[in-house]
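**Student:** For reference, the file start-v4.pdb (PDB, C-alpha atoms (C1' of nucleotides)) is included below:
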ATOM      1  CA  MET A   1     108.331 286.992   0.547
ATOM      2  CA  SER A   2     108.155 285.834  -3.047
ATOM      3  CA  VAL A   3     106.614 282.610  -4.249
ATOM      4  CA  TYR A   4     107.095 280.657  -7.455
ATOM      5  CA  THR A   5     104.648 278.774  -9.640
ATOM      6  CA  PRO A   6     105.571 275.277 -10.835
ATOM      7  CA  ALA A   7     106.384 276.644 -14.290
ATOM      8  CA  GLU A   8     108.802 279.176 -12.793
ATOM      9  CA  VAL A   9     110.544 276.531 -10.733
ATOM     10  CA  VAL A  10     110.865 274.260 -13.766
ATOM     11  CA  GLU A  11     112.490 277.176 -15.562
ATOM     12  CA  GLU A  12     114.865 278.020 -12.713
ATOM     13  CA  THR A  13     115.918 274.567 -11.570
ATOM     14  CA  GLY A  14     115.774 272.527 -14.728
ATOM     15  CA  PHE A  15     113.764 269.813 -12.980
ATOM     16  CA  SER A  16     110.590 268.772 -14.803
ATOM     17  CA  ILE A  17     107.295 269.288 -13.050
ATOM     18  CA  ASP A  18     106.927 265.537 -12.749
ATOM     19  CA  THR A  19     110.281 265.360 -11.023
ATOM     20  CA  LEU A  20     109.280 268.137  -8.618
ATOM     21  CA  ARG A  21     106.123 266.239  -7.694
ATOM     22  CA  TYR A  22     108.123 263.044  -7.382
ATOM     23  CA  TYR A  23     110.683 264.677  -5.106
ATOM     24  CA  GLU A  24     107.904 265.996  -2.916
ATOM     25  CA  LYS A  25     106.217 262.609  -2.829
ATOM     26  CA  ILE A  26     109.331 260.781  -1.671
ATOM     27  CA  GLY A  27     110.184 263.461   0.861
ATOM     28  CA  LEU A  28     113.228 265.006  -0.808
ATOM     29  CA  LEU A  29     111.282 268.208  -0.804
ATOM     30  CA  GLU A  30     109.150 269.036   2.184
ATOM     31  CA  ARG A  31     105.436 269.457   1.514
ATOM     32  CA  VAL A  32     105.257 272.495  -0.731
ATOM     33  CA  GLY A  33     102.687 275.227   0.050
ATOM     34  CA  ARG A  34      99.476 275.473  -2.007
ATOM     35  CA  ASN A  35      97.235 278.333  -3.009
ATOM     36  CA  ALA A  36      93.462 278.308  -2.499
ATOM     37  CA  ALA A  37      93.012 276.162  -5.595
ATOM     38  CA  GLY A  38      95.472 273.555  -4.319
ATOM     39  CA  GLN A  39      98.230 274.518  -6.745
ATOM     40  CA  ARG A  40     101.840 274.511  -5.597
ATOM     41  CA  ARG A  41     103.496 277.765  -4.667
ATOM     42  CA  PHE A  42     107.195 277.262  -4.012
ATOM     43  CA  SER A  43     109.008 279.475  -1.506
ATOM     44  CA  GLN A  44     112.433 281.028  -1.999
ATOM     45  CA  GLU A  45     113.712 278.409   0.416
ATOM     46  CA  ASP A  46     112.260 275.567  -1.667
ATOM     47  CA  VAL A  47     114.005 276.924  -4.734
ATOM     48  CA  GLY A  48     117.302 277.206  -2.862
ATOM     49  CA  TRP A  49     117.028 273.650  -1.624
ATOM     50  CA  LEU A  50     116.277 272.478  -5.162
ATOM     51  CA  GLY A  51     119.524 274.147  -6.205
ATOM     52  CA  THR A  52     121.351 272.005  -3.687
ATOM     53  CA  LEU A  53     119.567 268.897  -4.942
ATOM     54  CA  ARG A  54     120.464 269.830  -8.513
ATOM     55  CA  CYS A  55     124.110 269.966  -7.550
ATOM     56  CA  LEU A  56     124.112 266.685  -5.650
ATOM     57  CA  ARG A  57     122.152 264.945  -8.400
ATOM     58  CA  ASP A  58     124.418 266.215 -11.153
ATOM     59  CA  THR A  59     127.427 264.931  -9.291
ATOM     60  CA  GLY A  60     125.878 261.472  -9.159
ATOM     61  CA  MET A  61     124.539 261.277  -5.637
ATOM     62  CA  PRO A  62     121.838 258.587  -5.511
ATOM     63  CA  ILE A  63     118.392 259.624  -4.322
ATOM     64  CA  ALA A  64     118.641 257.457  -1.208
ATOM     65  CA  LYS A  65     121.661 259.444  -0.062
ATOM     66  CA  MET A  66     120.069 262.795  -0.884
ATOM     67  CA  LEU A  67     117.166 261.632   1.238
ATOM     68  CA  ARG A  68     119.476 260.985   4.168
ATOM     69  CA  PHE A  69     120.914 264.448   3.702
ATOM     70  CA  ALA A  70     117.413 265.962   3.592
ATOM     71  CA  GLU A  71     116.570 264.228   6.836
ATOM     72  CA  LEU A  72     119.685 265.598   8.494
ATOM     73  CA  VAL A  73     118.774 269.105   7.371
ATOM     74  CA  ARG A  74     115.273 268.714   8.758
ATOM     75  CA  ALA A  75     116.521 267.309  12.049
ATOM     76  CA  GLY A  76     118.140 270.581  13.055
ATOM     77  CA  ASP A  77     121.490 272.215  13.656
ATOM     78  CA  HIS A  78     122.929 269.448  15.788
ATOM     79  CA  THR A  79     123.282 267.376  12.619
ATOM     80  CA  ILE A  80     125.714 269.808  11.009
ATOM     81  CA  PRO A  81     128.741 267.603  11.725
ATOM     82  CA  ASP A  82     126.946 264.681  10.075
ATOM     83  CA  ARG A  83     126.088 266.827   7.082
ATOM     84  CA  ILE A  84     129.729 267.835   6.750
ATOM     85  CA  ARG A  85     130.771 264.200   6.870
ATOM     86  CA  LEU A  86     128.225 263.261   4.238
ATOM     87  CA  LEU A  87     129.272 266.069   1.913
ATOM     88  CA  GLU A  88     132.957 265.345   2.423
ATOM     89  CA  GLU A  89     132.424 261.721   1.524
ATOM     90  CA  HIS A  90     130.519 262.798  -1.536
ATOM     91  CA  ASP A  91     133.254 265.262  -2.425
ATOM     92  CA  ARG A  92     135.770 262.430  -2.390
ATOM     93  CA  GLN A  93     133.545 260.463  -4.737
ATOM     94  CA  VAL A  94     133.287 263.430  -7.074
ATOM     95  CA  ARG A  95     137.055 263.758  -7.084
ATOM     96  CA  GLU A  96     137.368 260.058  -7.919
ATOM     97  CA  GLN A  97     134.883 260.465 -10.749
ATOM     98  CA  ILE A  98     136.870 263.346 -12.195
ATOM     99  CA  ASP A  99     140.168 261.492 -11.879
ATOM    100  CA  LYS A 100     138.781 258.365 -13.477
ATOM    101  CA  LEU A 101     137.236 260.332 -16.299
ATOM    102  CA  ALA A 102     140.514 262.151 -16.966
ATOM    103  CA  GLU A 103     142.343 258.831 -16.954
ATOM    104  CA  ARG A 104     139.942 257.238 -19.403
ATOM    105  CA  GLN A 105     140.088 260.315 -21.565
ATOM    106  CA  LYS A 106     143.777 259.663 -22.164
ATOM    107  CA  TYR A 107     142.884 256.259 -23.579
ATOM    108  CA  ILE A 108     140.373 257.889 -25.903
ATOM    109  CA  HIS A 109     142.994 260.392 -27.062
ATOM    110  CA  ASN A 110     145.388 257.547 -27.761
ATOM    111  CA  LYS A 111     142.767 255.727 -29.725
ATOM    112  CA  ILE A 112     141.994 258.806 -31.784
ATOM    113  CA  GLY A 113     145.713 259.289 -32.376
ATOM    114  CA  TYR A 114     146.050 255.698 -33.493
ATOM    115  CA  TYR A 115     143.152 256.018 -35.936
ATOM    116  CA  ARG A 116     144.632 259.247 -37.305
ATOM    117  CA  SER A 117     147.902 257.426 -37.949
ATOM    118  CA  GLN A 118     145.980 254.874 -39.984
ATOM    119  CA  LEU A 119     144.653 257.383 -42.474
TER     120      LEU A 119
ATOM    121  CA  MET B   1     147.692 232.363 -29.537
ATOM    122  CA  SER B   2     146.340 232.505 -26.004
ATOM    123  CA  VAL B   3     142.726 232.152 -25.034
ATOM    124  CA  TYR B   4     140.880 233.140 -21.876
ATOM    125  CA  THR B   5     138.160 231.414 -19.900
ATOM    126  CA  PRO B   6     135.130 233.433 -18.810
ATOM    127  CA  ALA B   7     136.511 233.594 -15.263
ATOM    128  CA  GLU B   8     139.785 235.046 -16.521
ATOM    129  CA  VAL B   9     138.021 237.679 -18.583
ATOM    130  CA  VAL B  10     135.841 238.636 -15.626
ATOM    131  CA  GLU B  11     139.030 239.065 -13.629
ATOM    132  CA  GLU B  12     140.780 241.126 -16.300
ATOM    133  CA  THR B  13     137.983 243.355 -17.520
ATOM    134  CA  GLY B  14     135.839 243.803 -14.448
ATOM    135  CA  PHE B  15     132.711 242.908 -16.409
ATOM    136  CA  SER B  16     130.549 240.224 -14.821
ATOM    137  CA  ILE B  17     130.011 237.024 -16.736
ATOM    138  CA  ASP B  18     126.376 237.978 -17.178
ATOM    139  CA  THR B  19     127.439 241.256 -18.702
ATOM    140  CA  LEU B  20     129.821 239.457 -21.067
ATOM    141  CA  ARG B  21     127.028 237.195 -22.242
ATOM    142  CA  TYR B  22     124.726 240.190 -22.541
ATOM    143  CA  TYR B  23     127.268 242.112 -24.626
ATOM    144  CA  GLU B  24     127.668 239.150 -26.901
ATOM    145  CA  LYS B  25     123.918 238.727 -27.192
ATOM    146  CA  ILE B  26     123.308 242.338 -28.248
ATOM    147  CA  GLY B  27     126.255 242.302 -30.640
ATOM    148  CA  LEU B  28     128.615 244.540 -28.743
ATOM    149  CA  LEU B  29     130.995 241.636 -28.757
ATOM    150  CA  GLU B  30     131.224 239.476 -31.808
ATOM    151  CA  ARG B  31     130.296 235.818 -31.351
ATOM    152  CA  VAL B  32     132.949 234.503 -29.001
ATOM    153  CA  GLY B  33     134.668 231.204 -29.816
ATOM    154  CA  ARG B  34     133.698 228.010 -27.951
ATOM    155  CA  ASN B  35     135.566 224.888 -26.956
ATOM    156  CA  ALA B  36     134.288 221.379 -27.674
ATOM    157  CA  ALA B  37     131.956 221.571 -24.696
ATOM    158  CA  GLY B  38     130.413 224.803 -25.920
ATOM    159  CA  GLN B  39     132.128 226.967 -23.311
ATOM    160  CA  ARG B  40     133.409 230.416 -24.272
ATOM    161  CA  ARG B  41     137.083 230.897 -24.969
ATOM    162  CA  PHE B  42     137.924 234.556 -25.448
ATOM    163  CA  SER B  43     140.740 235.597 -27.758
ATOM    164  CA  GLN B  44     143.342 238.245 -27.029
ATOM    165  CA  GLU B  45     141.454 240.445 -29.447
ATOM    166  CA  ASP B  46     138.186 239.981 -27.558
ATOM    167  CA  VAL B  47     139.896 241.031 -24.346
ATOM    168  CA  GLY B  48     141.390 244.096 -26.015
ATOM    169  CA  TRP B  49     138.029 245.101 -27.403
ATOM    170  CA  LEU B  50     136.472 244.660 -23.964
ATOM    171  CA  GLY B  51     139.106 247.082 -22.670
ATOM    172  CA  THR B  52     137.861 249.642 -25.155
ATOM    173  CA  LEU B  53     134.271 248.991 -24.134
ATOM    174  CA  ARG B  54     135.261 249.371 -20.481
ATOM    175  CA  CYS B  55     136.685 252.772 -21.241
ATOM    176  CA  LEU B  56     133.720 253.977 -23.262
ATOM    177  CA  ARG B  57     131.266 252.626 -20.721
ATOM    178  CA  ASP B  58     133.069 254.224 -17.769
ATOM    179  CA  THR B  59     132.996 257.557 -19.517
ATOM    180  CA  GLY B  60     129.251 257.298 -19.881
ATOM    181  CA  MET B  61     128.805 256.253 -23.462
ATOM    182  CA  PRO B  62     125.355 254.662 -23.852
ATOM    183  CA  ILE B  63     125.207 251.130 -25.164
ATOM    184  CA  ALA B  64     123.426 252.228 -28.336
ATOM    185  CA  LYS B  65     126.380 254.394 -29.249
ATOM    186  CA  MET B  66     128.933 251.718 -28.391
ATOM    187  CA  LEU B  67     126.964 249.493 -30.722
ATOM    188  CA  ARG B  68     127.300 251.987 -33.534
ATOM    189  CA  PHE B  69     131.028 252.123 -32.868
ATOM    190  CA  ALA B  70     131.230 248.328 -32.880
ATOM    191  CA  GLU B  71     129.499 248.267 -36.234
ATOM    192  CA  LEU B  72     131.956 250.762 -37.676
ATOM    193  CA  VAL B  73     134.864 248.662 -36.455
ATOM    194  CA  ARG B  74     133.377 245.567 -38.052
ATOM    195  CA  ALA B  75     132.667 247.344 -41.316
ATOM    196  CA  GLY B  76     136.354 247.774 -42.094
ATOM    197  CA  ASP B  77     139.059 250.376 -42.463
ATOM    198  CA  HIS B  78     137.084 252.755 -44.624
ATOM    199  CA  THR B  79     135.081 253.696 -41.518
ATOM    200  CA  ILE B  80     138.107 255.070 -39.695
ATOM    201  CA  PRO B  81     137.132 258.703 -40.333
ATOM    202  CA  ASP B  82     133.681 257.958 -38.872
ATOM    203  CA  ARG B  83     135.241 256.301 -35.858
ATOM    204  CA  ILE B  84     137.411 259.344 -35.299
ATOM    205  CA  ARG B  85     134.358 261.582 -35.496
ATOM    206  CA  LEU B  86     132.460 259.413 -33.056
ATOM    207  CA  LEU B  87     135.316 259.334 -30.565
ATOM    208  CA  GLU B  88     135.942 263.056 -30.884
ATOM    209  CA  GLU B  89     132.315 263.761 -30.165
ATOM    210  CA  HIS B  90     132.506 261.498 -27.169
ATOM    211  CA  ASP B  91     135.699 263.171 -26.052
ATOM    212  CA  ARG B  92     133.897 266.519 -26.044
ATOM    213  CA  GLN B  93     131.172 265.010 -23.898
ATOM    214  CA  VAL B  94     133.736 263.652 -21.471
ATOM    215  CA  ARG B  95     135.333 267.078 -21.236
ATOM    216  CA  GLU B  96     131.921 268.606 -20.525
ATOM    217  CA  GLN B  97     131.289 266.027 -17.834
ATOM    218  CA  ILE B  98     134.587 266.843 -16.162
ATOM    219  CA  ASP B  99     133.996 270.577 -16.357
ATOM    220  CA  LYS B 100     130.502 270.301 -14.973
ATOM    221  CA  LEU B 101     131.658 268.053 -12.178
ATOM    222  CA  ALA B 102     134.446 270.483 -11.257
ATOM    223  CA  GLU B 103     131.971 273.352 -11.297
ATOM    224  CA  ARG B 104     129.511 271.545  -9.035
ATOM    225  CA  GLN B 105     132.338 270.550  -6.763
ATOM    226  CA  LYS B 106     132.942 274.200  -5.985
ATOM    227  CA  TYR B 107     129.380 274.480  -4.754
ATOM    228  CA  ILE B 108     129.907 271.481  -2.510
ATOM    229  CA  HIS B 109     133.091 273.016  -1.123
ATOM    230  CA  ASN B 110     131.209 276.228  -0.403
ATOM    231  CA  LYS B 111     128.494 274.315   1.330
ATOM    232  CA  ILE B 112     130.997 272.449   3.485
ATOM    233  CA  GLY B 113     132.696 275.752   4.284
ATOM    234  CA  TYR B 114     129.390 277.250   5.285
ATOM    235  CA  TYR B 115     128.561 274.341   7.576
ATOM    236  CA  ARG B 116     132.020 274.567   9.146
ATOM    237  CA  SER B 117     131.402 278.229   9.898
ATOM    238  CA  GLN B 118     128.215 277.220  11.711
ATOM    239  CA  LEU B 119     129.977 275.006  14.227
TER     240      LEU B 119
ATOM    241  C1'  DG C   1      78.846 279.940 -21.638
ATOM    242  C1'  DA C   2      82.451 277.513 -24.063
ATOM    243  C1'  DT C   3      87.114 276.874 -24.537
ATOM    244  C1'  DT C   4      91.826 276.880 -23.184
ATOM    245  C1'  DG C   5      95.616 276.111 -20.350
ATOM    246  C1'  DA C   6      98.064 275.496 -16.146
ATOM    247  C1'  DC C   7      97.702 272.902 -12.628
ATOM    248  C1'  DC C   8      95.975 268.807  -9.449
ATOM    249  C1'  DT C   9      95.880 263.447  -7.858
ATOM    250  C1'  DG C  10      96.989 258.461  -7.644
ATOM    251  C1'  DG C  11      98.895 255.113  -9.946
ATOM    252  C1'  DA C  12     100.795 252.737 -13.969
ATOM    253  C1'  DG C  13     104.491 252.544 -17.351
ATOM    254  C1'  DT C  14     109.210 253.295 -19.301
ATOM    255  C1'  DG C  15     114.198 252.867 -20.536
ATOM    256  C1'  DC C  16     118.519 251.553 -19.341
ATOM    257  C1'  DG C  17     121.758 248.237 -18.140
ATOM    258  C1'  DC C  18     122.274 244.742 -16.306
ATOM    259  C1'  DT C  19     121.275 240.474 -13.011
ATOM    260  C1'  DC C  20     119.120 236.357 -11.735
ATOM    261  C1'  DC C  21     116.963 231.899 -12.426
ATOM    262  C1'  DA C  22     115.799 227.119 -13.817
ATOM    263  C1'  DG C  23     117.339 223.399 -15.796
ATOM    264  C1'  DG C  24     121.171 221.192 -17.993
ATOM    265  C1'  DT C  25     126.225 219.623 -19.628
ATOM    266  C1'  DG C  26     130.867 218.150 -19.154
ATOM    267  C1'  DG C  27     135.412 217.589 -16.796
ATOM    268  C1'  DG C  28     138.301 216.993 -12.912
ATOM    269  C1'  DA C  29     139.052 215.732  -7.924
ATOM    270  C1'  DT C  30     137.829 212.264  -3.923
TER     271       DT C  30
ATOM    272  C1'  DA D   1     130.904 206.197  -9.274
ATOM    273  C1'  DT D   2     129.868 210.486  -7.318
ATOM    274  C1'  DC D   3     130.443 214.895  -6.304
ATOM    275  C1'  DC D   4     131.335 219.599  -7.291
ATOM    276  C1'  DC D   5     132.109 223.390 -10.032
ATOM    277  C1'  DA D   6     132.434 226.227 -13.957
ATOM    278  C1'  DC D   7     130.038 226.835 -17.525
ATOM    279  C1'  DC D   8     125.843 226.729 -20.935
ATOM    280  C1'  DT D   9     120.887 228.548 -22.713
ATOM    281  C1'  DG D  10     116.584 231.272 -23.010
ATOM    282  C1'  DG D  11     114.000 234.136 -20.714
ATOM    283  C1'  DA D  12     112.198 236.576 -16.672
ATOM    284  C1'  DG D  13     113.091 240.075 -13.206
ATOM    285  C1'  DC D  14     115.114 244.113 -11.049
ATOM    286  C1'  DG D  15     116.571 248.890  -9.391
ATOM    287  C1'  DC D  16     116.838 253.393 -10.417
ATOM    288  C1'  DA D  17     114.939 257.677 -11.544
ATOM    289  C1'  DC D  18     111.912 259.345 -13.518
ATOM    290  C1'  DT D  19     107.756 260.020 -17.006
ATOM    291  C1'  DC D  20     103.249 259.466 -18.542
ATOM    292  C1'  DC D  21      98.295 258.932 -18.156
ATOM    293  C1'  DA D  22      93.317 259.438 -16.996
ATOM    294  C1'  DG D  23      90.269 262.114 -15.123
ATOM    295  C1'  DG D  24      89.443 266.306 -12.748
ATOM    296  C1'  DT D  25      89.588 271.610 -10.930
ATOM    297  C1'  DC D  26      89.771 276.395 -11.531
ATOM    298  C1'  DA D  27      90.597 281.010 -13.702
ATOM    299  C1'  DA D  28      90.929 283.695 -17.500
ATOM    300  C1'  DT D  29      89.987 284.728 -22.260
ATOM    301  C1'  DC D  30      86.988 284.850 -26.588
TER     302       DC D  30
END
Write the structure described by the file as structure tokens, please.
**Tutor:**
Amino acid sequence: MSVYTPAEVVEETGFSIDTLRYYEKIGLLERVGRNAAGQRRFSQEDVGWLGTLRCLRDTGMPIAKMLRFAELVRAGDHTIPDRIRLLEEHDRQVREQIDKLAERQKYIHNKIGYYRSQL
Amino acid sequence: MSVYTPAEVVEETGFSIDTLRYYEKIGLLERVGRNAAGQRRFSQEDVGWLGTLRCLRDTGMPIAKMLRFAELVRAGDHTIPDRIRLLEEHDRQVREQIDKLAERQKYIHNKIGYYRSQL
DNA sequence: GATTGACCTGGAGTGCGCTCCAGGTGGGAT
DNA sequence: ATCCCACCTGGAGCGCACTCCAGGTCAATC
């Protein structure tokens, strides 16, 4: 049963130590274990959960929604249908983001093409 | 030579009137014309430029960078190569955004699949 | 035994991009 | 004439997601 120091978790997840503390404070991360000196020791499970948060965050999920998701996870297996619904809704939003980005990218390509024609 | 009232521009561009004033204030939009009563009357050109801003903004370009672009546009035709460079750099960033989003989306799909298997 | 460095806490501060507000003007409908 | 409504200005305020700070603990190294 391996544990991770803050520095290791920063390295693995890409979250800063301040962000890790912040996430714990607001309840996105359940109270992390401590050693005798009161320093955080993250479990494998914590690190896995942070991977999920990383993914949701990077796809633009607001913290308030991640918090709802965290609460569902904590509430037990009977919330699995709700979690699926939440992730499916988010998935739709990610798809929309991608589509919109691709659409706007065409405009940028046009613009570049126009400027090239002006040279 | 048609002009647009603030309400019309809000309608067409999707920017709020406060945002339009803000963009003018920070120089993202050149000083907009006024009627006798001091009210804004946007030109066709203003509206076109706002369309460009809309696109850059929606693809995540920070205001500071849009400002640099605006300055290049104002500086005249000799800045066209710089504008191309700026837009190409942005285009790369948009591509990266899309790729990253698509990558993360796979994780979300996996997660949904996993939850489905738990039902 | 002094220093260094990784970590701790609570709380204040930051940067971005707006958004809102108070107080006022002018033009058109009732 | 009076009302409303769209608009004006300068400046304050806000929400989000961190990020930084002061002051402190502990363990290990020189």
**Student:** Write out as a list in words the residues lying within 12 Å of D:DG13, counting all atoms listed in the file and excluding same-chain residues fewer than 4 positions away.
**Tutor:** DC18, DT19, DC20 and DC21 of chain C
**Student:** Taking all atoms listed in the file into account, which residues of chain D are within 12 Å of chain A, as a list in words?
**Tutor:** DG15, DC16, DA17, DC18, DT19, DC20, DT25, DC26 and DA27 of chain D
**Student:** I need the output of the PyMOL selection byres ((chain B) within 10 of (chain A)) for this file as a PyMOL selection string; which residues are they?
**Tutor:** chain B and resi 51-52+54-60+77-78+80-81+83-88+90-92+94-95+97-109+111-116+118-119
**Student:** Figure out the distance between atom CA of B:Thr13 and atom CA of B:Gly48, please, to one decimal in Å.
**Tutor:**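 Value for the atom CA of B:Gly48-atom CA of B:Thr13 distance: 9.2 Å.
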**Student:** Could you work out which residues of chain C fall inside 9 Å of chain A? Count all atoms listed in the file, and format the result as a list in words.
**Tutor:**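 Result: DA6, DC7 and DC8 of chain C.
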